[in-house]
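Shown below: work-v2.tsv, with TSV, C-alpha atoms and all ligand atoms.
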chain	number	residue	atom	x	y	z
L	2	MET	CA	80.73	87.36	73.65
L	3	SER	CA	81.45	88.90	77.05
L	4	MET	CA	78.96	88.63	79.88
L	5	ASN	CA	76.55	86.46	77.89
L	6	GLY	CA	79.17	83.73	77.80
L	7	LYS	CA	80.14	81.24	80.44
L	8	LYS	CA	82.03	82.42	83.51
L	9	LEU	CA	85.65	81.32	83.13
L	10	ILE	CA	87.68	83.06	85.85
L	11	GLU	CA	86.48	84.31	89.22
L	12	LEU	CA	88.54	86.43	91.57
L	13	ARG	CA	87.03	86.48	95.05
L	14	GLY	CA	88.19	88.92	97.71
L	15	ILE	CA	91.78	89.08	96.49
L	16	THR	CA	94.11	91.01	98.77
L	17	LYS	CA	97.86	91.41	98.26
L	18	SER	CA	100.51	93.46	100.03
L	19	PHE	CA	104.16	94.06	99.26
L	20	ASP	CA	106.41	95.21	102.11
L	21	GLY	CA	103.41	96.04	104.29
L	22	GLU	CA	101.78	98.13	101.57
L	23	VAL	CA	98.35	97.01	100.35
L	24	VAL	CA	98.52	96.76	96.56
L	25	LEU	CA	95.21	94.92	96.00
L	26	ASP	CA	92.42	95.55	98.46
L	27	ASN	CA	89.67	92.92	98.32
L	28	ILE	CA	89.24	92.62	94.55
L	29	SER	CA	86.41	90.52	93.13
L	30	LEU	CA	85.95	90.09	89.40
L	31	ASP	CA	84.22	87.71	86.97
L	32	ILE	CA	85.79	87.07	83.57
L	33	TYR	CA	83.84	85.29	80.84
L	34	GLU	CA	84.69	82.98	77.96
L	35	ASP	CA	85.39	84.77	74.69
L	36	GLU	CA	85.62	88.13	76.44
L	37	PHE	CA	88.02	90.98	75.73
L	38	ILE	CA	88.38	92.49	79.17
L	39	THR	CA	90.72	95.35	80.04
L	40	LEU	CA	92.14	96.39	83.40
L	41	LEU	CA	92.53	100.15	83.17
L	42	GLY	CA	94.07	102.52	85.66
L	43	PRO	CA	97.02	104.76	86.46
L	44	SER	CA	100.51	103.46	87.14
L	45	GLY	CA	100.74	101.56	90.41
L	46	CYS	CA	97.02	100.85	90.83
L	47	GLY	CA	97.57	97.08	90.85
L	48	LYS	CA	96.74	96.05	87.27
L	49	THR	CA	99.89	94.00	86.69
L	50	THR	CA	99.64	92.37	90.10
L	51	THR	CA	96.07	91.28	89.29
L	52	LEU	CA	97.28	89.84	85.99
L	53	ARG	CA	100.17	88.03	87.67
L	54	ILE	CA	97.79	86.50	90.20
L	55	ILE	CA	95.57	85.23	87.37
L	56	GLY	CA	98.64	83.83	85.62
L	57	GLY	CA	99.91	82.18	88.80
L	58	PHE	CA	103.16	84.17	88.99
L	59	GLU	CA	102.04	85.72	92.27
L	60	SER	CA	99.89	84.33	95.09
L	61	PRO	CA	97.24	86.38	96.85
L	62	ASP	CA	97.60	86.90	100.63
L	63	SER	CA	93.91	86.15	100.93
L	64	GLY	CA	91.06	85.44	98.55
L	65	ASP	CA	90.50	82.79	95.90
L	66	VAL	CA	91.04	82.36	92.19
L	67	PHE	CA	88.69	80.00	90.35
L	68	PHE	CA	89.12	78.70	86.80
L	69	ASP	CA	86.12	76.91	85.33
L	70	GLY	CA	84.75	76.61	88.86
L	71	VAL	CA	87.90	74.98	90.25
L	72	ARG	CA	90.05	76.77	92.84
L	73	ILE	CA	93.51	77.24	91.30
L	74	ASN	CA	95.33	79.22	94.02
L	75	ASP	CA	97.94	76.48	94.26
L	76	THR	CA	98.12	75.55	90.57
L	77	PRO	CA	101.50	76.51	89.05
L	78	PRO	CA	101.47	78.80	85.97
L	79	TYR	CA	102.39	76.08	83.47
L	80	LYS	CA	99.38	74.02	84.51
L	81	ARG	CA	96.93	76.89	83.95
L	82	HIS	CA	95.48	77.19	80.44
L	83	ILE	CA	96.84	80.71	80.29
L	84	ASN	CA	99.63	82.35	78.24
L	85	THR	CA	101.12	85.80	78.57
L	86	VAL	CA	102.38	88.52	76.22
L	87	PHE	CA	104.59	91.08	77.95
L	88	GLN	CA	105.35	94.65	76.98
L	89	ARG	CA	108.90	93.66	76.12
L	90	TYR	CA	108.68	90.94	73.59
L	91	ALA	CA	110.82	88.34	75.35
L	92	LEU	CA	111.59	86.49	72.10
L	93	PHE	CA	114.57	84.18	71.79
L	94	PRO	CA	117.15	86.23	69.88
L	95	HIS	CA	119.07	83.18	68.65
L	96	LEU	CA	115.99	81.60	67.02
L	97	ASN	CA	114.25	82.64	63.83
L	98	VAL	CA	110.59	83.58	63.59
L	99	TYR	CA	109.48	80.00	62.84
L	100	GLU	CA	111.32	78.50	65.80
L	101	ASN	CA	110.17	81.25	68.15
L	102	ILE	CA	106.55	80.52	67.29
L	103	ALA	CA	107.01	76.74	67.26
L	104	PHE	CA	108.56	76.89	70.73
L	105	GLY	CA	105.22	76.63	72.53
L	106	LEU	CA	104.40	73.41	70.66
L	107	ARG	CA	107.80	71.87	71.32
L	108	VAL	CA	107.38	72.57	75.04
L	109	ALA	CA	103.96	70.92	74.82
L	110	LYS	CA	105.79	67.91	73.30
L	111	VAL	CA	104.12	68.04	69.90
L	112	LYS	CA	106.41	65.78	67.85
L	113	ASP	CA	104.75	65.76	64.43
L	114	ASP	CA	106.76	68.18	62.23
L	115	GLY	CA	103.92	68.37	59.73
L	116	GLU	CA	101.53	69.54	62.40
L	117	ILE	CA	104.04	72.02	63.82
L	118	SER	CA	104.60	73.48	60.37
L	119	ARG	CA	100.87	73.73	59.65
L	120	ARG	CA	100.13	75.47	62.94
L	121	VAL	CA	103.08	77.89	62.71
L	122	ARG	CA	101.93	78.91	59.23
L	123	GLU	CA	98.37	79.34	60.45
L	124	MET	CA	99.65	81.64	63.22
L	125	LEU	CA	101.88	83.60	60.83
L	126	GLU	CA	98.89	84.22	58.63
L	127	MET	CA	96.82	85.40	61.56
L	128	VAL	CA	99.43	87.92	62.70
L	129	ASN	CA	100.13	89.09	59.12
L	130	LEU	CA	103.68	87.78	58.92
L	131	LYS	CA	103.37	85.27	56.07
L	132	GLY	CA	106.77	84.64	54.52
L	133	PHE	CA	108.71	85.73	57.62
L	134	GLU	CA	109.54	82.17	58.77
L	135	ARG	CA	113.30	82.32	58.28
L	136	ARG	CA	113.84	85.90	59.41
L	137	HIS	CA	115.82	86.43	62.57
L	138	VAL	CA	113.79	88.18	65.21
L	139	THR	CA	116.53	90.76	65.78
L	140	THR	CA	115.92	92.07	62.24
L	141	LEU	CA	112.22	92.74	62.88
L	142	SER	CA	110.57	96.03	63.80
L	143	GLY	CA	108.97	96.45	67.21
L	144	GLY	CA	105.50	95.82	65.81
L	145	GLN	CA	106.63	92.69	63.98
L	146	GLN	CA	108.37	91.36	67.09
L	147	GLN	CA	105.21	91.87	69.08
L	148	ARG	CA	103.23	89.96	66.43
L	149	VAL	CA	105.66	87.05	66.78
L	150	ALA	CA	105.23	87.17	70.56
L	151	ILE	CA	101.44	87.03	70.14
L	152	ALA	CA	101.67	84.15	67.65
L	153	ARG	CA	103.91	82.26	70.04
L	154	ALA	CA	101.48	82.81	72.91
L	155	LEU	CA	98.46	81.69	70.87
L	156	ILE	CA	99.86	78.65	69.07
L	157	ASN	CA	99.07	76.14	71.77
L	158	LYS	CA	95.52	77.45	72.00
L	159	PRO	CA	95.35	78.67	75.59
L	160	ARG	CA	91.92	79.38	77.02
L	161	VAL	CA	93.15	82.79	78.17
L	162	LEU	CA	95.75	85.26	76.93
L	163	LEU	CA	97.16	87.83	79.36
L	164	LEU	CA	98.49	90.96	77.69
L	165	ASP	CA	100.43	93.46	79.83
L	166	GLU	CA	100.69	96.77	77.96
L	167	PRO	CA	101.77	94.85	74.84
L	168	LEU	CA	101.66	97.94	72.61
L	169	GLY	CA	103.38	100.26	75.06
L	170	ALA	CA	106.63	100.40	73.13
L	171	LEU	CA	105.05	101.11	69.73
L	172	ASP	CA	104.47	104.48	68.12
L	173	LEU	CA	100.95	105.87	67.89
L	174	LYS	CA	100.07	104.87	64.31
L	175	LEU	CA	101.31	101.31	64.77
L	176	ARG	CA	99.52	101.11	68.11
L	177	LYS	CA	96.21	101.92	66.41
L	178	ASP	CA	96.77	99.27	63.72
L	179	MET	CA	97.75	96.68	66.30
L	180	GLN	CA	94.72	97.53	68.46
L	181	ASN	CA	92.44	96.61	65.57
L	182	GLU	CA	94.42	93.49	64.79
L	183	LEU	CA	94.34	92.33	68.41
L	184	LYS	CA	90.62	92.83	68.60
L	185	ASN	CA	90.14	90.84	65.38
L	186	MET	CA	92.42	88.06	66.64
L	187	GLN	CA	90.42	87.82	69.83
L	188	LYS	CA	87.17	87.57	67.88
L	189	ARG	CA	88.51	85.00	65.46
L	190	THR	CA	90.07	82.73	68.07
L	191	GLY	CA	87.38	83.10	70.73
L	192	ILE	CA	90.17	83.09	73.35
L	193	THR	CA	89.57	85.28	76.41
L	194	PHE	CA	91.92	88.27	76.32
L	195	ILE	CA	92.77	90.00	79.61
L	196	TYR	CA	94.49	93.23	78.70
L	197	VAL	CA	96.28	95.74	80.91
L	198	THR	CA	96.70	99.38	79.94
L	199	HIS	CA	96.78	102.86	81.44
L	200	ASP	CA	95.51	104.31	78.15
L	201	GLN	CA	91.78	104.98	78.40
L	202	GLU	CA	91.26	105.41	74.67
L	203	GLU	CA	92.88	102.05	74.02
L	204	ALA	CA	90.67	100.43	76.66
L	205	LEU	CA	87.48	101.97	75.29
L	206	SER	CA	88.21	101.10	71.67
L	207	MET	CA	89.14	97.43	72.11
L	208	SER	CA	87.25	95.96	75.02
L	209	ASP	CA	83.95	94.21	75.64
L	210	THR	CA	84.40	95.03	79.31
L	211	VAL	CA	86.52	97.65	81.06
L	212	VAL	CA	87.57	97.38	84.71
L	213	VAL	CA	88.61	100.79	86.05
L	214	MET	CA	91.08	100.45	88.93
L	215	ASN	CA	92.53	102.93	91.37
L	216	GLY	CA	94.68	102.43	94.44
L	217	GLY	CA	94.22	98.66	94.57
L	218	SER	CA	90.43	98.78	94.24
L	219	ILE	CA	87.96	98.36	91.41
L	220	MET	CA	86.09	101.60	90.79
L	221	GLN	CA	83.75	100.37	88.06
L	222	ILE	CA	83.17	97.42	85.74
L	223	GLY	CA	81.17	97.91	82.55
L	224	THR	CA	81.05	98.13	78.79
L	225	PRO	CA	83.02	101.01	77.24
L	226	THR	CA	79.79	102.95	76.65
L	227	ASP	CA	78.62	102.39	80.24
L	228	ILE	CA	81.93	103.54	81.62
L	229	TYR	CA	82.02	106.60	79.40
L	230	ASN	CA	78.39	107.63	79.65
L	231	GLU	CA	77.57	106.53	83.17
L	232	PRO	CA	80.72	106.91	85.26
L	233	LYS	CA	80.05	105.76	88.80
L	234	ASN	CA	82.00	108.45	90.56
L	235	ALA	CA	84.10	111.55	89.99
L	236	TYR	CA	87.27	109.48	89.75
L	237	VAL	CA	86.02	107.40	86.82
L	238	ALA	CA	84.49	110.44	85.13
L	239	ASP	CA	87.78	112.27	85.29
L	240	PHE	CA	89.97	109.32	84.33
L	241	ILE	CA	87.83	108.35	81.33
L	242	GLY	CA	88.07	111.39	79.13
L	243	GLU	CA	87.60	114.98	80.15
L	244	SER	CA	84.63	116.00	82.24
L	245	ASN	CA	83.13	119.01	83.86
L	246	ILE	CA	82.31	117.95	87.41
L	247	VAL	CA	80.01	120.50	89.03
L	248	ASP	CA	78.47	120.62	92.51
L	249	GLY	CA	74.72	120.22	92.24
L	250	VAL	CA	71.60	119.49	94.22
L	251	MET	CA	69.05	116.94	93.05
L	252	LEU	CA	65.79	118.83	93.71
L	253	ASP	CA	63.58	115.90	92.77
L	254	ASP	CA	63.52	113.09	90.21
L	255	PHE	CA	64.58	114.46	86.80
L	256	SER	CA	65.48	117.90	88.18
L	257	VAL	CA	68.92	119.12	89.24
L	258	LYS	CA	70.13	122.55	90.27
L	259	MET	CA	73.66	123.70	89.41
L	260	SER	CA	75.27	127.12	88.93
L	261	GLY	CA	72.03	128.71	90.13
L	262	GLN	CA	69.82	127.17	87.41
L	263	THR	CA	67.48	124.21	87.39
L	264	PHE	CA	68.11	121.65	84.63
L	265	VAL	CA	65.99	118.77	83.45
L	266	CYS	CA	67.88	115.47	83.60
L	267	VAL	CA	67.10	111.78	83.07
L	268	ASP	CA	68.23	110.57	86.52
L	269	LYS	CA	65.99	109.67	89.43
L	270	GLY	CA	65.98	108.00	92.80
L	271	PHE	CA	68.46	110.27	94.56
L	272	GLY	CA	65.87	111.69	96.98
L	273	LYS	CA	64.85	115.33	97.39
L	274	ASP	CA	67.45	118.07	97.90
L	275	THR	CA	70.40	115.68	97.79
L	276	PRO	CA	73.87	117.10	97.08
L	277	VAL	CA	75.36	115.36	94.02
L	278	ASP	CA	78.18	115.59	91.51
L	279	VAL	CA	76.96	116.61	88.08
L	280	VAL	CA	79.14	115.36	85.21
L	281	VAL	CA	78.93	116.92	81.75
L	282	ARG	CA	81.26	115.92	78.91
L	283	PRO	CA	82.90	118.86	77.12
L	284	GLU	CA	81.49	117.73	73.75
L	285	ASP	CA	77.94	117.71	75.17
L	286	VAL	CA	77.85	121.42	75.98
L	287	ASP	CA	76.05	123.48	73.31
L	288	VAL	CA	77.27	127.01	72.68
L	289	VAL	CA	74.36	129.44	72.10
L	290	SER	CA	73.77	133.19	72.28
L	291	PRO	CA	74.11	134.76	75.75
L	292	GLU	CA	70.40	135.66	75.78
L	293	SER	CA	69.12	132.18	75.04
L	294	GLY	CA	71.60	130.14	77.15
L	295	MET	CA	70.67	128.41	80.39
L	296	LEU	CA	74.01	129.67	81.71
L	297	ARG	CA	76.19	132.59	80.64
L	298	GLY	CA	79.89	133.17	80.97
L	299	LYS	CA	83.04	134.72	79.61
L	300	VAL	CA	85.44	132.79	77.41
L	301	THR	CA	88.89	132.73	78.99
L	302	SER	CA	90.77	130.61	76.45
L	303	VAL	CA	90.32	129.03	73.03
L	304	THR	CA	92.65	126.32	71.71
L	305	PHE	CA	92.44	124.78	68.24
L	306	LYS	CA	92.67	120.98	68.57
L	307	GLY	CA	92.36	119.90	64.95
L	308	VAL	CA	88.86	118.42	64.98
L	309	HIS	CA	87.39	120.94	67.42
L	310	TYR	CA	88.14	124.00	69.50
L	311	GLU	CA	88.64	123.59	73.21
L	312	VAL	CA	87.03	126.52	74.93
L	313	ILE	CA	87.28	127.40	78.61
L	314	VAL	CA	84.44	129.56	79.83
L	315	ASP	CA	84.09	131.09	83.29
L	316	ILE	CA	80.56	130.68	84.59
L	317	GLY	CA	80.14	132.26	88.01
L	318	GLY	CA	83.77	131.51	88.90
L	319	PHE	CA	83.65	127.86	87.74
L	320	LYS	CA	85.62	127.13	84.61
L	321	TRP	CA	83.84	124.83	82.16
L	322	MET	CA	85.56	123.04	79.32
L	323	ILE	CA	83.64	122.94	76.06
L	324	GLN	CA	84.60	121.21	72.82
L	325	THR	CA	82.95	122.75	69.80
L	326	THR	CA	83.50	122.80	66.05
L	327	ASP	CA	82.23	126.40	65.89
L	328	TYR	CA	84.77	129.15	66.39
L	329	VAL	CA	84.30	131.15	69.57
L	330	ALA	CA	86.20	134.40	70.15
L	331	PRO	CA	88.45	134.63	73.22
L	332	ASP	CA	86.88	137.13	75.67
L	333	ALA	CA	83.42	136.63	74.12
L	334	VAL	CA	80.40	136.29	76.40
L	335	ILE	CA	78.52	133.14	75.43
L	336	GLY	CA	75.52	131.16	76.55
L	337	ILE	CA	75.52	127.40	77.08
L	338	ASP	CA	72.80	124.76	76.99
L	339	ILE	CA	72.92	121.13	78.06
L	340	GLU	CA	70.43	118.49	76.93
L	341	PRO	CA	68.86	116.35	79.68
L	342	ASP	CA	70.59	113.15	78.53
L	343	ALA	CA	73.99	114.86	78.58
L	344	ILE	CA	73.67	115.49	82.32
L	345	HIS	CA	75.03	112.62	84.42
L	346	ILE	CA	74.25	112.60	88.13
L	347	MET	CA	76.53	110.83	90.60
L	348	ASN	CA	76.40	110.41	94.35
L	349	LYS	CA	78.99	112.42	96.17
L	350	SER	CA	81.98	110.20	96.97
L	351	GLU	CA	85.40	110.44	98.55
L	352	TYR	CA	86.58	111.59	95.13
L	353	SER	CA	84.22	114.56	94.99
L	354	GLY	CA	86.05	117.83	94.93
L	355	MET	CA	89.31	116.21	93.82
L	356	PHE	CA	88.47	117.13	90.26
L	357	GLY	CA	87.06	120.61	90.19
L	358	ASP	CA	86.98	122.95	87.29
L	359	TYR	CA	89.68	123.62	84.75
L	360	SER	CA	91.07	126.71	86.51
L	361	SER	CA	93.64	124.90	88.62
L	362	PHE	CA	95.08	123.33	85.48
L	363	SER	CA	95.26	126.64	83.64
L	364	ASP	CA	96.80	128.22	86.75
L	365	GLU	CA	99.48	125.54	86.67
L	366	LEU	CA	100.09	126.24	83.01
L	367	ASP	CA	100.32	129.95	83.74
L	368	ALA	CA	102.84	129.25	86.49
L	369	LEU	CA	104.87	127.09	84.11
L	370	SER	CA	104.97	129.68	81.37
L	371	GLU	CA	105.87	132.40	83.90
L	372	ASN	CA	108.76	130.24	85.09
L	373	SER	CA	110.01	129.64	81.59
L	374	GLU	CA	109.84	133.38	80.87
L	375	GLU	CA	111.97	133.99	83.96
L	376	GLU	CA	114.48	131.43	82.76
L	377	GLU	CA	114.72	133.21	79.43
L	378	ASP	CA	115.60	136.41	81.30
L	401	LIG	P1	102.15	99.95	86.09
L	401	LIG	O1	101.22	100.34	84.99
L	401	LIG	O2	103.08	101.05	86.49
L	401	LIG	O3	102.81	98.63	85.89
L	401	LIG	P2	100.23	98.65	87.78
L	401	LIG	O4	98.87	99.23	87.94
L	401	LIG	O5	100.37	97.50	86.87
L	401	LIG	O6	101.22	99.80	87.39
L	401	LIG	P3	101.42	96.99	89.76
L	401	LIG	O7	102.59	96.65	88.89
L	401	LIG	O8	100.41	95.95	90.00
L	401	LIG	O9	100.70	98.29	89.23
L	401	LIG	O10	102.02	97.49	91.13
L	401	LIG	C1	101.23	97.97	92.19
L	401	LIG	C2	102.13	98.38	93.34
L	401	LIG	O11	102.78	97.24	93.87
L	401	LIG	C3	103.24	99.33	92.95
L	401	LIG	O12	103.38	100.28	93.98
L	401	LIG	C4	104.47	98.45	92.85
L	401	LIG	O13	105.62	99.17	93.14
L	401	LIG	C5	104.19	97.39	93.89
L	401	LIG	N1	104.79	96.10	93.56
L	401	LIG	C6	104.46	95.30	92.52
L	401	LIG	N2	105.18	94.16	92.53
L	401	LIG	C7	106.01	94.23	93.58
L	401	LIG	C8	107.00	93.35	94.15
L	401	LIG	N3	107.28	92.18	93.60
L	401	LIG	N4	107.64	93.76	95.26
L	401	LIG	C9	107.34	94.94	95.85
L	401	LIG	N5	106.42	95.81	95.37
L	401	LIG	C10	105.75	95.48	94.26
Once more with this new file: its structure as structure tokens, please.
Amino acid sequence: MSMNGKKLIELRGITKSFDGEVVLDNISLDIYEDEFITLLGPSGCGKTTTLRIIGGFESPDSGDVFFDGVRINDTPPYKRHINTVFQRYALFPHLNVYENIAFGLRVAKVKDDGEISRRVREMLEMVNLKGFERRHVTTLSGGQQQRVAIARALINKPRVLLLDEPLGALDLKLRKDMQNELKNMQKRTGITFIYVTHDQEEALSMSDTVVVMNGGSIMQIGTPTDIYNEPKNAYVADFIGESNIVDGVMLDDFSVKMSGQTFVCVDKGFGKDTPVDVVVRPEDVDVVSPESGMLRGKVTSVTFKGVHYEVIVDIGGFKWMIQTTDYVAPDAVIGIDIEPDAIHIMNKSEYSGMFGDYSSFSDELDALSENSEEEED
């Protein structure tokens, strides 16, 4: 699985512009056999373009694409061992489920009807659509149509499957089911899945490897736990889940000062008295009594979120977000503690300061609710 396997695809220094605008800026990426790898990033960051370059539907302006060590820049899509599943299912409406799935084999000139039938049935079983052979695809639900599309893409056993937001059109519950199914299919077939999504939870829950992209560049490549626990910069920290990103100074190895207090941390090698970004996940902040807390502040809002409360607390003018299962009263003065391994230190980057505290967001909300009150008047 993943990086232990053999390198299958290499992107080297890929650059691509459309109408003078750089969409991919010198991207390099290794993709392994039997890997579930996800390109994750906001709309327009270049995920789909990267996928299309791997599939051969788009050529890079510069840089090379290697498949199994062979340069394939000039290899047309149908000669690459790669199939694609798009967000919109792109099934043939005039064909039934069986013929839609068999299509890939017919194109590949498989003539033996017995073999076609055996492989279509095998695929139907894998995507949980046994017995659906004769159904017309127009009578299927969105989730079922997407299963047919996946079966069709897998039947001729590609080495790689490209999936561009394939669950984007499905509702939340179905999405979750399909996420599990896709992951199982990838494991069972051993085919490399290259998945594109802007949904960080989806990326974290399915992938062996996550590639976080922004503005045509790769911000970080790592396992879901790496990306979540050790974000490389403020951009990744903010994009992957909620974070408190606080200005700090690394006093020495294992010692960081923020909000006027010195905390023990597990990071080292930043040098003495180095300004850093300190990232703390909201669920890693412990609420304690004001007397015993490392920091103290006043609660400015409490929102019930089902599993936990989301608490905003003002500590010396910086608004921290805390997620806690214990009820905290609005307006209460509380103390907070943070364990050393919950403190993540990052070098200052061009993204520092873009994601401050949670006050700007609550200000925006205030402004919105004021506007709506005015409209009611
Ligand atoms: P989304 O999730 O919205 O699809 P993305 O991260 O997949 O976003 P891309 O589809 O790769 O992003 O697009 C990156 C940028 O390149 C966008 O600004 C897009 O408008 C532009 N772009 C993509 N394809 C073309 C094209 N064929 N011609 C002109 N501009 C394009």
For ligand LIG 401 (chain L), collect every residue having any atom at a distance of at most 9 Å from a ligand atom (counting only C-alpha atoms and all ligand atoms); output as a ChimeraX atom specification.
-> /L:17-20,22-25,40-53,59,165-166,197-199,214-217
From the list L:Ala103, L:Met124, L:Ile339, L:Val329, the nearest residue to Val286 (chain L) using all atoms listed in the file is L:Ile339
Nearest to Leu125 (chain L), restricted to only C-alpha atoms and choosing among L:Val111, L:Met186, L:Val334, L:Ala238, comes out as L:Met186
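Put simply, CA of Thr39 (chain L) is 9.9 Å away from CA of Leu163 (chain L).
Across the structure, CA of Met295 (chain L) and CA of Thr226 (chain L) are spaced 27.3 Å apart.
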Residue with smallest distance to Glu311 (chain L) - pool L:Leu175, L:Leu296, L:Val211, L:Ala330, counting all atoms listed in the file: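 Result for the nearest residue to Glu311 (chain L): L:Ala330.
Using only C-alpha atoms, the nearest neighbour of Asn129 (chain L) within the list L:Leu252, L:Val247, L:Val267, L:Ala152 is L:Ala152.
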Problem set entry | Selection near Ile117 (chain L), 10 Å with all atoms listed in the file, sequence-local residues under 6 positions removed, as an MDAnalysis selection string | chainID L and resid 99:100 102:107 111 123 156
For Phe87 (chain L), the closest of L:Ser260, L:Ser208, L:Ser293, L:Gln146 counting all atoms listed in the file is L:Gln146
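Across the structure, CA of Val66 (chain L) and CA of Ile195 (chain L) are spaced 14.8 Å apart.
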Skipping near chain neighbours, those fewer than 4 positions away, what residues fall within 12 Å of Thr275 (chain L) using all atoms listed in the file, listed as a ChimeraX atom specification? /L:248-254,256-258,269-271,279,346-349
Keeping only C-alpha atoms, write the selected residues to a file as a PDB file, in the coordinates of the input.
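Wrote it out as out-v2.pdb, contents follow:
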ATOM      1  CA  ASP L 248      78.470 120.620  92.510  1.00  0.00           C
ATOM      2  CA  GLY L 249      74.720 120.220  92.240  1.00  0.00           C
ATOM      3  CA  VAL L 250      71.600 119.490  94.220  1.00  0.00           C
ATOM      4  CA  MET L 251      69.050 116.940  93.050  1.00  0.00           C
ATOM      5  CA  LEU L 252      65.790 118.830  93.710  1.00  0.00           C
ATOM      6  CA  ASP L 253      63.580 115.900  92.770  1.00  0.00           C
ATOM      7  CA  ASP L 254      63.520 113.090  90.210  1.00  0.00           C
ATOM      8  CA  SER L 256      65.480 117.900  88.180  1.00  0.00           C
ATOM      9  CA  VAL L 257      68.920 119.120  89.240  1.00  0.00           C
ATOM     10  CA  LYS L 258      70.130 122.550  90.270  1.00  0.00           C
ATOM     11  CA  LYS L 269      65.990 109.670  89.430  1.00  0.00           C
ATOM     12  CA  GLY L 270      65.980 108.000  92.800  1.00  0.00           C
ATOM     13  CA  PHE L 271      68.460 110.270  94.560  1.00  0.00           C
ATOM     14  CA  VAL L 279      76.960 116.610  88.080  1.00  0.00           C
ATOM     15  CA  ILE L 346      74.250 112.600  88.130  1.00  0.00           C
ATOM     16  CA  MET L 347      76.530 110.830  90.600  1.00  0.00           C
ATOM     17  CA  ASN L 348      76.400 110.410  94.350  1.00  0.00           C
ATOM     18  CA  LYS L 349      78.990 112.420  96.170  1.00  0.00           C
TER      19      LYS L 349
END
Polymer residues at most 7 Å from (87.2, 93.2, 84.0) by all atoms listed in the file, as a list in words: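 All residues meeting the 7 Å criterion around (87.2, 93.2, 84.0) are Leu30, Asp31, Ile32, Ile38, Thr39, Leu40, Thr210, Val211, Val212 and Ile222 of chain L.
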Do you know which residues lie at most 6 Å from (66.7, 113.8, 83.8), with coordinates as in the file and all atoms listed in the file counted, and could you write them as a VMD selection string? chain L and resid 255 265 to 268 341
Shortest interatomic distance to Gly191 (chain L) - which of L:Pro283, L:Asp26, L:Asp239, L:Phe37, counting all atoms listed in the file
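The shortest atom-to-atom distance to Gly191 (chain L) comes from L:Phe37.
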Original post:
Near Ser290 (chain L), within 8 Å and counting all atoms listed in the file, which residues show up once chain neighbours fewer than 6 positions away are dropped, as number ranges by chain?
Top reply: L: 335-337
Go ahead and write the selection's residues with C-alpha atoms as a PDB file, in the frame of the given file.
ATOM      1  CA  ILE L 335      78.520 133.140  75.430  1.00  0.00           C
ATOM      2  CA  GLY L 336      75.520 131.160  76.550  1.00  0.00           C
ATOM      3  CA  ILE L 337      75.520 127.400  77.080  1.00  0.00           C
TER       4      ILE L 337
END
Mind checking which residues fall within 10 Å of Ser244 (chain L), counting only C-alpha atoms, ignoring those fewer than 3 positions away in the same chain, and posting them as a PDB file with C-alpha atoms, in the coordinates of the input?
ATOM      1  CA  ALA L 235      84.100 111.550  89.990  1.00  0.00           C
ATOM      2  CA  VAL L 237      86.020 107.400  86.820  1.00  0.00           C
ATOM      3  CA  ALA L 238      84.490 110.440  85.130  1.00  0.00           C
ATOM      4  CA  ASP L 239      87.780 112.270  85.290  1.00  0.00           C
ATOM      5  CA  PHE L 240      89.970 109.320  84.330  1.00  0.00           C
ATOM      6  CA  ILE L 241      87.830 108.350  81.330  1.00  0.00           C
ATOM      7  CA  VAL L 247      80.010 120.500  89.030  1.00  0.00           C
ATOM      8  CA  VAL L 279      76.960 116.610  88.080  1.00  0.00           C
ATOM      9  CA  VAL L 280      79.140 115.360  85.210  1.00  0.00           C
ATOM     10  CA  VAL L 281      78.930 116.920  81.750  1.00  0.00           C
ATOM     11  CA  ARG L 282      81.260 115.920  78.910  1.00  0.00           C
ATOM     12  CA  PRO L 283      82.900 118.860  77.120  1.00  0.00           C
ATOM     13  CA  GLU L 284      81.490 117.730  73.750  1.00  0.00           C
ATOM     14  CA  ASP L 285      77.940 117.710  75.170  1.00  0.00           C
ATOM     15  CA  TRP L 321      83.840 124.830  82.160  1.00  0.00           C
ATOM     16  CA  MET L 322      85.560 123.040  79.320  1.00  0.00           C
ATOM     17  CA  ILE L 323      83.640 122.940  76.060  1.00  0.00           C
ATOM     18  CA  PHE L 356      88.470 117.130  90.260  1.00  0.00           C
ATOM     19  CA  GLY L 357      87.060 120.610  90.190  1.00  0.00           C
ATOM     20  CA  ASP L 358      86.980 122.950  87.290  1.00  0.00           C
ATOM     21  CA  TYR L 359      89.680 123.620  84.750  1.00  0.00           C
TER      22      TYR L 359
END
Worksheet item: Within 12 Å of region 137-141 of chain L, counting all atoms listed in the file, which residues qualify if same-chain residues fewer than 4 places away don't, as a ChimeraX atom specification?
Response: /L:90-102,130,133,145-150
